[in-house]
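> My file is entry_35.pdb. It has PDB, C-alpha atoms:
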ATOM      1  CA  MET A 108       4.159  11.239  90.769  1.00  0.00           C
ATOM      2  CA  ALA A 109       1.131  11.511  88.594  1.00  0.00           C
ATOM      3  CA  GLY A 110       1.007   9.257  85.589  1.00  0.00           C
ATOM      4  CA  THR A 111       0.694  10.431  82.019  1.00  0.00           C
ATOM      5  CA  GLY A 112      -1.703   7.790  80.685  1.00  0.00           C
ATOM      6  CA  SER A 113      -5.415   8.153  79.865  1.00  0.00           C
ATOM      7  CA  PHE A 114      -6.327   7.081  83.412  1.00  0.00           C
ATOM      8  CA  ALA A 115      -4.355   9.967  84.752  1.00  0.00           C
ATOM      9  CA  ARG A 116      -6.214  12.298  82.360  1.00  0.00           C
ATOM     10  CA  GLY A 117      -9.522  10.903  83.438  1.00  0.00           C
ATOM     11  CA  ASN A 118      -9.971   9.197  80.047  1.00  0.00           C
ATOM     12  CA  GLN A 119      -9.911  12.584  78.404  1.00  0.00           C
ATOM     13  CA  PRO A 120      -8.223  13.116  74.977  1.00  0.00           C
ATOM     14  CA  ARG A 121      -4.755  14.527  74.790  1.00  0.00           C
ATOM     15  CA  SER A 122      -4.529  18.250  74.901  1.00  0.00           C
ATOM     16  CA  VAL A 123      -2.179  18.216  71.857  1.00  0.00           C
ATOM     17  CA  PRO A 124      -4.281  18.649  68.680  1.00  0.00           C
ATOM     18  CA  ASP A 125      -4.123  15.870  66.038  1.00  0.00           C
ATOM     19  CA  ASP A 126      -3.610  17.669  62.670  1.00  0.00           C
ATOM     20  CA  LEU A 127      -3.919  14.438  60.693  1.00  0.00           C
ATOM     21  CA  ARG A 128      -7.234  13.333  62.108  1.00  0.00           C
ATOM     22  CA  ASP A 129      -9.525  15.119  59.652  1.00  0.00           C
ATOM     23  CA  PRO A 130      -7.515  14.216  56.499  1.00  0.00           C
ATOM     24  CA  TYR A 131      -7.350  10.602  57.692  1.00  0.00           C
ATOM     25  CA  ASP A 132     -11.100  10.437  58.321  1.00  0.00           C
ATOM     26  CA  ASP A 133     -11.736  11.985  54.898  1.00  0.00           C
ATOM     27  CA  MET A 134      -9.452   9.425  53.227  1.00  0.00           C
ATOM     28  CA  VAL A 135     -11.244   6.556  54.957  1.00  0.00           C
ATOM     29  CA  ARG A 136     -14.639   7.936  53.938  1.00  0.00           C
ATOM     30  CA  ARG A 137     -13.551   8.295  50.296  1.00  0.00           C
ATOM     31  CA  GLN A 138     -12.080   4.796  50.202  1.00  0.00           C
ATOM     32  CA  ARG A 139     -15.264   3.276  51.607  1.00  0.00           C
ATOM     33  CA  ALA A 140     -17.352   5.158  49.023  1.00  0.00           C
ATOM     34  CA  LEU A 141     -15.044   3.938  46.233  1.00  0.00           C
ATOM     35  CA  ASN A 142     -15.263   0.338  47.467  1.00  0.00           C
ATOM     36  CA  ALA A 143     -19.060   0.522  47.581  1.00  0.00           C
ATOM     37  CA  ARG A 144     -19.247   2.083  44.088  1.00  0.00           C
ATOM     38  CA  GLN A 145     -16.952  -0.547  42.557  1.00  0.00           C
ATOM     39  CA  SER A 146     -18.953  -3.298  44.234  1.00  0.00           C
ATOM     40  CA  VAL A 147     -22.150  -2.043  42.567  1.00  0.00           C
ATOM     41  CA  GLU A 148     -20.446  -1.703  39.170  1.00  0.00           C
ATOM     42  CA  ILE A 149     -18.948  -5.201  39.263  1.00  0.00           C
ATOM     43  CA  ASP A 150     -21.939  -7.081  40.665  1.00  0.00           C
ATOM     44  CA  HIS A 151     -24.649  -5.051  38.875  1.00  0.00           C
ATOM     45  CA  PRO A 152     -23.096  -3.266  35.854  1.00  0.00           C
ATOM     46  CA  GLN A 153     -26.492  -2.097  34.525  1.00  0.00           C
ATOM     47  CA  THR A 154     -27.632  -0.559  37.824  1.00  0.00           C
ATOM     48  CA  PRO A 155     -27.367   3.273  38.005  1.00  0.00           C
ATOM     49  CA  ILE A 156     -24.912   4.456  40.629  1.00  0.00           C
ATOM     50  CA  PRO A 157     -26.773   6.154  43.533  1.00  0.00           C
ATOM     51  CA  PRO A 158     -25.916   9.842  43.946  1.00  0.00           C
ATOM     52  CA  THR A 159     -24.510   9.083  47.393  1.00  0.00           C
ATOM     53  CA  LEU A 160     -21.892   6.832  45.767  1.00  0.00           C
ATOM     54  CA  ALA A 161     -21.171   9.055  42.796  1.00  0.00           C
ATOM     55  CA  GLY A 162     -18.444  11.082  44.498  1.00  0.00           C
ATOM     56  CA  GLU A 163     -18.273  14.406  46.239  1.00  0.00           C
ATOM     57  CA  SER A 164     -19.564  16.433  43.273  1.00  0.00           C
ATOM     58  CA  GLY A 165     -22.154  13.869  42.196  1.00  0.00           C
ATOM     59  CA  ARG A 166     -20.496  13.568  38.773  1.00  0.00           C
ATOM     60  CA  GLY A 167     -19.110  10.085  39.306  1.00  0.00           C
ATOM     61  CA  ALA A 168     -15.616  11.148  38.238  1.00  0.00           C
ATOM     62  CA  ASN A 169     -14.088   7.812  39.250  1.00  0.00           C
ATOM     63  CA  ARG A 170     -16.815   5.679  37.771  1.00  0.00           C
ATOM     64  CA  VAL A 171     -15.723   3.062  35.214  1.00  0.00           C
ATOM     65  CA  SER A 172     -18.084   2.896  32.235  1.00  0.00           C
ATOM     66  CA  HIS A 173     -19.398  -0.476  31.135  1.00  0.00           C
ATOM     67  CA  HIS A 174     -20.724  -0.879  27.597  1.00  0.00           C
ATOM     68  CA  ASP A 175     -22.047  -4.011  25.949  1.00  0.00           C
ATOM     69  CA  VAL A 176     -21.149  -2.702  22.471  1.00  0.00           C
ATOM     70  CA  ASP A 177     -17.995  -0.731  21.696  1.00  0.00           C
ATOM     71  CA  HIS A 178     -17.652   1.654  18.775  1.00  0.00           C
ATOM     72  CA  PRO A 179     -15.975   0.001  15.768  1.00  0.00           C
ATOM     73  CA  GLY A 180     -12.473   1.023  14.782  1.00  0.00           C
ATOM     74  CA  ALA A 181     -11.693   2.992  11.624  1.00  0.00           C
ATOM     75  CA  LEU A 182     -11.221  -0.119   9.467  1.00  0.00           C
ATOM     76  CA  GLU A 183     -14.088  -2.028  11.059  1.00  0.00           C
ATOM     77  CA  SER A 184     -16.461   0.870  10.381  1.00  0.00           C
ATOM     78  CA  MET A 185     -15.841   0.406   6.631  1.00  0.00           C
ATOM     79  CA  ILE A 186     -17.372  -3.098   6.649  1.00  0.00           C
ATOM     80  CA  PRO A 187     -20.855  -2.867   5.061  1.00  0.00           C
ATOM     81  CA  VAL A 188     -23.807  -3.583   7.383  1.00  0.00           C
ATOM     82  CA  TRP A 189     -21.544  -4.734  10.250  1.00  0.00           C
ATOM     83  CA  GLY A 190     -19.708  -1.427  10.730  1.00  0.00           C
ATOM     84  CA  SER A 191     -22.833   0.736  10.547  1.00  0.00           C
ATOM     85  CA  GLY A 192     -24.914  -1.659  12.629  1.00  0.00           C
ATOM     86  CA  LYS A 193     -22.336  -1.834  15.406  1.00  0.00           C
ATOM     87  CA  GLU A 194     -21.911   1.948  15.355  1.00  0.00           C
ATOM     88  CA  ALA A 195     -25.705   2.361  15.666  1.00  0.00           C
ATOM     89  CA  LEU A 196     -25.877   0.019  18.672  1.00  0.00           C
ATOM     90  CA  ALA A 197     -22.952   1.757  20.370  1.00  0.00           C
ATOM     91  CA  ASP A 198     -24.530   5.181  19.807  1.00  0.00           C
ATOM     92  CA  PHE A 199     -27.889   4.008  21.119  1.00  0.00           C
ATOM     93  CA  GLU A 200     -26.309   2.555  24.255  1.00  0.00           C
ATOM     94  CA  VAL A 201     -24.728   5.886  25.216  1.00  0.00           C
ATOM     95  CA  GLY A 202     -27.864   7.869  24.382  1.00  0.00           C
ATOM     96  CA  ASN A 203     -26.710   9.348  21.055  1.00  0.00           C
ATOM     97  CA  TYR A 204     -30.036   8.700  19.344  1.00  0.00           C
ATOM     98  CA  GLY A 205     -29.333  10.970  16.364  1.00  0.00           C
ATOM     99  CA  GLY A 206     -26.133   9.087  15.590  1.00  0.00           C
ATOM    100  CA  ALA A 207     -27.905   5.772  16.132  1.00  0.00           C
ATOM    101  CA  ALA A 208     -30.626   6.713  13.610  1.00  0.00           C
ATOM    102  CA  PHE A 209     -28.059   7.852  11.045  1.00  0.00           C
ATOM    103  CA  ASN A 210     -25.979   4.688  11.348  1.00  0.00           C
ATOM    104  CA  ALA A 211     -29.074   2.495  11.277  1.00  0.00           C
ATOM    105  CA  GLY A 212     -29.982   4.159   7.976  1.00  0.00           C
ATOM    106  CA  MET A 213     -26.454   3.459   6.758  1.00  0.00           C
ATOM    107  CA  ALA A 214     -26.874  -0.208   7.641  1.00  0.00           C
ATOM    108  CA  VAL A 215     -30.136  -0.335   5.672  1.00  0.00           C
ATOM    109  CA  SER A 216     -28.388   1.286   2.697  1.00  0.00           C
ATOM    110  CA  ASP A 217     -25.612  -1.289   2.942  1.00  0.00           C
ATOM    111  CA  ALA A 218     -28.142  -4.116   3.047  1.00  0.00           C
ATOM    112  CA  PHE A 219     -29.964  -2.716   0.015  1.00  0.00           C
ATOM    113  CA  LEU A 220     -26.688  -2.479  -1.900  1.00  0.00           C
ATOM    114  CA  ALA A 221     -25.721  -6.032  -0.950  1.00  0.00           C
ATOM    115  CA  LYS A 222     -29.135  -7.292  -2.059  1.00  0.00           C
ATOM    116  CA  ALA A 223     -28.874  -5.479  -5.392  1.00  0.00           C
ATOM    117  CA  VAL A 224     -25.418  -6.894  -6.051  1.00  0.00           C
ATOM    118  CA  ALA A 225     -26.554 -10.404  -5.125  1.00  0.00           C
ATOM    119  CA  SER A 226     -29.618 -10.057  -7.371  1.00  0.00           C
ATOM    120  CA  GLY A 227     -27.474  -8.900 -10.276  1.00  0.00           C
ATOM    121  CA  LEU A 228     -25.076 -11.792  -9.823  1.00  0.00           C
ATOM    122  CA  ALA A 229     -27.987 -14.228  -9.675  1.00  0.00           C
ATOM    123  CA  LYS A 230     -29.259 -12.967 -13.041  1.00  0.00           C
ATOM    124  CA  GLY A 231     -25.914 -13.345 -14.708  1.00  0.00           C
ATOM    125  CA  GLY A 232     -24.314 -10.035 -13.829  1.00  0.00           C
ATOM    126  CA  LEU A 233     -22.374  -9.421 -17.024  1.00  0.00           C
ATOM    127  CA  LYS A 234     -22.813 -10.399 -20.645  1.00  0.00           C
ATOM    128  CA  LEU A 235     -19.715 -12.416 -21.450  1.00  0.00           C
ATOM    129  CA  ALA A 236     -20.622 -14.151 -24.705  1.00  0.00           C
ATOM    130  CA  GLY A 237     -22.079 -13.170 -28.078  1.00  0.00           C
ATOM    131  CA  PRO A 238     -22.139  -9.690 -29.672  1.00  0.00           C
ATOM    132  CA  HIS A 239     -22.208  -6.720 -27.349  1.00  0.00           C
ATOM    133  CA  VAL A 240     -23.936  -4.275 -29.668  1.00  0.00           C
ATOM    134  CA  TRP A 241     -27.009  -2.706 -28.098  1.00  0.00           C
ATOM    135  CA  ARG A 242     -29.493  -4.299 -30.497  1.00  0.00           C
ATOM    136  CA  THR A 243     -29.307  -6.930 -33.182  1.00  0.00           C
ATOM    137  CA  LYS A 244     -31.808  -6.950 -36.002  1.00  0.00           C
ATOM    138  CA  PRO A 245     -34.888  -9.151 -35.495  1.00  0.00           C
ATOM    139  CA  TRP A 246     -33.867 -11.523 -38.289  1.00  0.00           C
ATOM    140  CA  GLU A 247     -30.375 -11.972 -36.898  1.00  0.00           C
ATOM    141  CA  ALA A 248     -29.216 -14.104 -33.980  1.00  0.00           C
ATOM    142  CA  GLY A 249     -30.833 -11.900 -31.368  1.00  0.00           C
ATOM    143  CA  GLN A 250     -27.808 -11.983 -29.089  1.00  0.00           C
ATOM    144  CA  GLY A 251     -27.439  -8.220 -28.691  1.00  0.00           C
ATOM    145  CA  ALA A 252     -27.046  -6.714 -25.226  1.00  0.00           C
ATOM    146  CA  ARG A 253     -30.626  -5.394 -25.125  1.00  0.00           C
ATOM    147  CA  GLN A 254     -32.192  -8.726 -26.054  1.00  0.00           C
ATOM    148  CA  TRP A 255     -29.935 -10.597 -23.640  1.00  0.00           C
ATOM    149  CA  MET A 256     -30.881  -8.309 -20.734  1.00  0.00           C
ATOM    150  CA  GLY A 257     -34.556  -8.872 -21.511  1.00  0.00           C
ATOM    151  CA  ARG A 258     -34.114 -12.627 -21.311  1.00  0.00           C
ATOM    152  CA  GLN A 259     -32.124 -12.329 -18.064  1.00  0.00           C
ATOM    153  CA  GLY A 260     -34.792 -10.158 -16.445  1.00  0.00           C
ATOM    154  CA  PHE A 261     -32.875  -6.879 -16.166  1.00  0.00           C
ATOM    155  CA  VAL A 262     -35.475  -5.058 -18.295  1.00  0.00           C
ATOM    156  CA  LYS A 263     -38.980  -6.030 -19.392  1.00  0.00           C
ATOM    157  CA  PRO A 264     -40.039  -6.403 -23.033  1.00  0.00           C
ATOM    158  CA  GLY A 265     -40.603  -2.949 -24.540  1.00  0.00           C
ATOM    159  CA  GLN A 266     -39.305  -1.162 -21.423  1.00  0.00           C
ATOM    160  CA  PRO A 267     -36.963   1.782 -22.149  1.00  0.00           C
ATOM    161  CA  ALA A 268     -33.401   1.319 -20.878  1.00  0.00           C
ATOM    162  CA  HIS A 269     -31.116   4.246 -20.113  1.00  0.00           C
ATOM    163  CA  HIS A 270     -27.315   4.321 -20.419  1.00  0.00           C
ATOM    164  CA  TRP A 271     -26.783   6.228 -17.191  1.00  0.00           C
ATOM    165  CA  ILE A 272     -22.959   6.459 -17.114  1.00  0.00           C
ATOM    166  CA  PHE A 273     -21.733   6.064 -20.682  1.00  0.00           C
ATOM    167  CA  GLU A 274     -24.048   7.380 -23.382  1.00  0.00           C
ATOM    168  CA  GLN A 275     -24.976   4.922 -26.076  1.00  0.00           C
ATOM    169  CA  LYS A 276     -23.369   7.151 -28.732  1.00  0.00           C
ATOM    170  CA  SER A 277     -20.116   7.521 -26.762  1.00  0.00           C
ATOM    171  CA  SER A 278     -16.821   6.013 -27.928  1.00  0.00           C
ATOM    172  CA  VAL A 279     -16.627   3.741 -24.882  1.00  0.00           C
ATOM    173  CA  PRO A 280     -16.277   0.096 -26.057  1.00  0.00           C
ATOM    174  CA  GLU A 281     -19.615  -1.684 -26.395  1.00  0.00           C
ATOM    175  CA  PHE A 282     -18.413  -4.476 -24.125  1.00  0.00           C
ATOM    176  CA  ILE A 283     -18.306  -1.939 -21.294  1.00  0.00           C
ATOM    177  CA  LYS A 284     -21.100   0.567 -21.900  1.00  0.00           C
ATOM    178  CA  ASN A 285     -23.728  -2.063 -22.730  1.00  0.00           C
ATOM    179  CA  GLN A 286     -23.270  -4.113 -19.564  1.00  0.00           C
ATOM    180  CA  PRO A 287     -26.195  -4.395 -17.075  1.00  0.00           C
ATOM    181  CA  PRO A 288     -24.578  -2.341 -14.263  1.00  0.00           C
ATOM    182  CA  PHE A 289     -24.512   0.671 -16.598  1.00  0.00           C
ATOM    183  CA  ILE A 290     -28.109   0.332 -17.818  1.00  0.00           C
ATOM    184  CA  LYS A 291     -31.102   1.737 -15.914  1.00  0.00           C
ATOM    185  CA  ALA A 292     -34.582   0.400 -16.645  1.00  0.00           C
ATOM    186  CA  MET A 293     -36.950   3.366 -16.980  1.00  0.00           C
ATOM    187  CA  LYS A 294     -40.594   3.734 -16.042  1.00  0.00           C
ATOM    188  CA  ASP A 295     -41.725   4.778 -19.534  1.00  0.00           C
ATOM    189  CA  ALA A 296     -40.630   6.609 -22.688  1.00  0.00           C
ATOM    190  CA  LEU A 297     -41.673   9.983 -21.229  1.00  0.00           C
ATOM    191  CA  GLN A 298     -39.339   9.629 -18.271  1.00  0.00           C
ATOM    192  CA  HIS A 299     -36.531   8.412 -20.501  1.00  0.00           C
ATOM    193  CA  GLY A 300     -37.030  11.175 -23.042  1.00  0.00           C
ATOM    194  CA  ARG A 301     -36.933  14.005 -20.507  1.00  0.00           C
ATOM    195  CA  ILE A 302     -33.565  12.805 -19.227  1.00  0.00           C
ATOM    196  CA  HIS A 303     -32.070  13.505 -22.659  1.00  0.00           C
ATOM    197  CA  GLY A 304     -33.960  16.719 -23.454  1.00  0.00           C
ATOM    198  CA  ALA A 305     -37.392  18.250 -24.057  1.00  0.00           C
ATOM    199  CA  TYR A 306     -40.061  15.667 -24.813  1.00  0.00           C
ATOM    200  CA  THR A 307     -43.465  16.000 -26.463  1.00  0.00           C
ATOM    201  CA  SER A 308     -46.291  13.897 -25.076  1.00  0.00           C
ATOM    202  CA  LYS A 309     -49.915  14.101 -26.282  1.00  0.00           C
ATOM    203  CA  GLY A 310     -49.223  17.385 -28.033  1.00  0.00           C
ATOM    204  CA  THR A 311     -47.576  18.997 -25.003  1.00  0.00           C
ATOM    205  CA  ARG A 312     -43.880  19.807 -25.053  1.00  0.00           C
ATOM    206  CA  LEU A 313     -42.354  19.099 -21.674  1.00  0.00           C
ATOM    207  CA  PRO A 314     -39.023  20.595 -20.557  1.00  0.00           C
ATOM    208  CA  PRO A 315     -36.031  18.369 -19.866  1.00  0.00           C
ATOM    209  CA  PHE A 316     -35.319  17.232 -16.345  1.00  0.00           C
ATOM    210  CA  ASN A 317     -32.987  19.380 -14.311  1.00  0.00           C
ATOM    211  CA  LEU A 318     -29.761  17.955 -12.913  1.00  0.00           C
ATOM    212  CA  ALA A 319     -31.318  16.705  -9.682  1.00  0.00           C
ATOM    213  CA  GLN A 320     -34.158  15.009 -11.576  1.00  0.00           C
ATOM    214  CA  ARG A 321     -31.758  13.419 -14.037  1.00  0.00           C
ATOM    215  CA  LEU A 322     -29.720  11.992 -11.188  1.00  0.00           C
ATOM    216  CA  TRP A 323     -32.804  10.766  -9.339  1.00  0.00           C
ATOM    217  CA  PHE A 324     -34.663   9.178 -12.248  1.00  0.00           C
ATOM    218  CA  GLY A 325     -31.646   8.157 -14.299  1.00  0.00           C
ATOM    219  CA  THR A 326     -29.522   6.493 -11.593  1.00  0.00           C
ATOM    220  CA  PRO A 327     -30.088   2.894 -10.466  1.00  0.00           C
ATOM    221  CA  GLN A 328     -31.117   2.350  -6.863  1.00  0.00           C
ATOM    222  CA  TRP A 329     -28.004   0.296  -6.168  1.00  0.00           C
ATOM    223  CA  ALA A 330     -25.798   3.180  -7.341  1.00  0.00           C
ATOM    224  CA  LYS A 331     -27.617   5.603  -5.012  1.00  0.00           C
ATOM    225  CA  ALA A 332     -27.137   3.170  -2.134  1.00  0.00           C
ATOM    226  CA  ALA A 333     -23.460   2.763  -3.060  1.00  0.00           C
ATOM    227  CA  TYR A 334     -22.963   6.522  -3.035  1.00  0.00           C
ATOM    228  CA  VAL A 335     -24.608   6.912   0.370  1.00  0.00           C
ATOM    229  CA  SER A 336     -22.710   3.952   1.794  1.00  0.00           C
ATOM    230  CA  SER A 337     -19.299   5.023   0.495  1.00  0.00           C
ATOM    231  CA  ALA A 338     -19.753   8.623   1.636  1.00  0.00           C
ATOM    232  CA  GLY A 339     -21.108   7.616   5.028  1.00  0.00           C
ATOM    233  CA  HIS A 340     -18.486   4.948   5.658  1.00  0.00           C
ATOM    234  CA  GLY A 341     -15.723   7.281   4.547  1.00  0.00           C
ATOM    235  CA  GLY A 342     -16.873   9.999   6.931  1.00  0.00           C
ATOM    236  CA  THR A 343     -17.328   7.542   9.805  1.00  0.00           C
ATOM    237  CA  ALA A 344     -13.916   5.983   9.221  1.00  0.00           C
ATOM    238  CA  ALA A 345     -12.272   9.399   9.187  1.00  0.00           C
ATOM    239  CA  GLY A 346     -14.023  10.337  12.418  1.00  0.00           C
ATOM    240  CA  ARG A 347     -13.028   7.083  14.111  1.00  0.00           C
ATOM    241  CA  ALA A 348      -9.421   7.490  12.943  1.00  0.00           C
ATOM    242  CA  VAL A 349      -9.273  10.984  14.479  1.00  0.00           C
ATOM    243  CA  ALA A 350     -10.876   9.708  17.686  1.00  0.00           C
ATOM    244  CA  GLU A 351      -8.364   6.864  17.915  1.00  0.00           C
ATOM    245  CA  LYS A 352      -5.479   9.255  17.259  1.00  0.00           C
ATOM    246  CA  ASP A 353      -6.728  11.631  19.950  1.00  0.00           C
ATOM    247  CA  SER A 354      -7.145   8.797  22.444  1.00  0.00           C
ATOM    248  CA  LEU A 355      -3.492   7.839  21.967  1.00  0.00           C
ATOM    249  CA  SER A 356      -2.423  11.342  22.912  1.00  0.00           C
ATOM    250  CA  LEU A 357      -4.316  11.356  26.218  1.00  0.00           C
ATOM    251  CA  PRO A 358      -2.186  10.993  29.356  1.00  0.00           C
ATOM    252  CA  GLY A 359      -2.293   7.607  31.037  1.00  0.00           C
ATOM    253  CA  ARG A 360      -4.539   7.189  33.994  1.00  0.00           C
TER     254      ARG A 360
END
In structure tokens, what does this structure look like?


Amino acid sequence: MAGTGSFARGNQPRSVPDDLRDPYDDMVRRQRALNARQSVEIDHPQTPIPPTLAGESGRGANRVSHHDVDHPGALESMIPVWGSGKEALADFEVGNYGGAAFNAGMAVSDAFLAKAVASGLAKGGLKLAGPHVWRTKPWEAGQGARQWMGRQGFVKPGQPAHHWIFEQKSSVPEFIKNQPPFIKAMKDALQHGRIHGAYTSKGTRLPPFNLAQRLWFGTPQWAKAAYVSSAGHGGTAAGRAVAEKDSLSLPGR
């Protein structure tokens, strides 16, 4: 009786087709490619994955991203300098150069604001003692707000100073409206005059500044930086909060 083993078949394959052979070979090939890809990512995280290891479609669908700098969270993004700086580095790492430039500018604005605040504190910051009227008469004690700011270095002798938030004639208490944070040192009398209305210089009547010019010339640099920083940080924080919320709704992998 003839045997049924491979010797009896002359070492020929079985005549019954193996339906699982192709799927099994494909599974083995995919697993080997995945093992090779993960080996490259773990041992050399900065090395680009070769196209032959990037998957069937070349898109690297199973690739795990490695980043040295992560995007800050919503609260972390509100921290001056740190939040913007970290956001800029994270954007740059993923190739978002426009976002990196914007956030780098935000970090510079934050640094400028911090420097201005530190400089103001170093000079005394607020007038806490003596009369808070804008000027005292020359023969009096000379402790008015204007004279005090000149001695502290907020304004130079004879330099015009502009009440940029609360007008000098307003009913706001002098202790508030005559404090250094609310006073802007001006370039000259011409610039100061045109903020308040038309101004005549050397026989020529010049029109008042428009709104944009009044804001530009009449607002301290630290206030401009604070506006940019607060608006930018607020927008970034809102965006990060939405991103974090969306990430929580994604199905688990």

> Written as a list of chain:residue names, which residues does the PyMOL selection byres ((chain A and resi 233) around 7) give for the file shown?

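With the PyMOL selection byres ((chain A and resi 233) around 7) on this model, the match is A:Gly231, A:Gly232, A:Lys234, A:Leu235, A:Gln286, A:Pro287.
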
> Print the selection's residues with C-alpha atoms to a file, as a short mmCIF file (atom, residue, chain, number, x, y, z; two decimals), in the frame of the given file.


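Output saved as selection.cif:
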data_model
loop_
_atom_site.label_atom_id
_atom_site.label_comp_id
_atom_site.auth_asym_id
_atom_site.auth_seq_id
_atom_site.Cartn_x
_atom_site.Cartn_y
_atom_site.Cartn_z
CA GLY A 231 -25.91 -13.34 -14.71
CA GLY A 232 -24.31 -10.04 -13.83
CA LYS A 234 -22.81 -10.40 -20.64
CA LEU A 235 -19.72 -12.42 -21.45
CA GLN A 286 -23.27 -4.11 -19.56
CA PRO A 287 -26.20 -4.39 -17.08
#

> Atom CA of Asp217 of chain A and atom CA of Ile186 of chain A, how far apart in Å?

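Atom CA of Ile186 of chain A sits 9.2 Å away from atom CA of Asp217 of chain A.
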
> Between atom CA of Lys291 of chain A and atom CA of Ala268 of chain A, measure the distance and give it in Å to one decimal.

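So the two atoms, atom CA of Lys291 of chain A and atom CA of Ala268 of chain A, lie 5.5 Å apart.
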
> Expand the PyMOL selection byres ((chain A and resi 237) around 9) into the explicit residue set it covers here, and present it as a PyMOL selection string.

chain A and resi 234-236+238-239+250-252

> For the file shown, report as number ranges by chain the outcome of the PyMOL selection byres ((chain A and resi 209) around 12) at residue level.

A: 191-192, 194-196, 198-199, 203-208, 210-216, 335-336, 339-340, 343

> Find the residue from A:Arg136, A:Pro314, A:Arg258, A:Ile283 that sits nearest to Gln298 of chain A; use only C-alpha atoms when measuring.

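Residue with the minimum atom-to-atom distance to Gln298 of chain A: A:Pro314.
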
> Neighbouring residues of Trp271 of chain A were defined as those with any atom within 7 Å, considering all atoms listed in the file; residues of the same chain fewer than 6 positions away were excluded. Please report them as a PDB file with C-alpha atoms, in the coordinates of the input.


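And here's out_9.pdb as it stands now:
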ATOM      1  CA  PHE A 289     -24.512   0.671 -16.598  1.00  0.00           C
ATOM      2  CA  ILE A 290     -28.109   0.332 -17.818  1.00  0.00           C
ATOM      3  CA  LYS A 291     -31.102   1.737 -15.914  1.00  0.00           C
ATOM      4  CA  GLY A 325     -31.646   8.157 -14.299  1.00  0.00           C
ATOM      5  CA  THR A 326     -29.522   6.493 -11.593  1.00  0.00           C
TER       6      THR A 326
END

> May I ask for the distance between atom CA of Gln266 of chain A and atom CA of Thr311 of chain A, given in Å to one decimal place?

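Result for atom CA of Gln266 of chain A versus atom CA of Thr311 of chain A: 22.1 Å, one decimal.
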
> Between A:Val240, A:Arg312, A:Pro130, A:His269, which residue has the minimum interatomic distance to Glu281 of chain A, considering only C-alpha atoms?

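That would be A:Val240, the residue with the smallest distance to Glu281 of chain A.
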
> Given only C-alpha atoms as the basis, pick out the residue of A:Arg253, A:Ser308, A:Gly190, A:Lys222 nearest to Ala333 of chain A.

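The answer is A:Lys222, which sits nearest to Ala333 of chain A.
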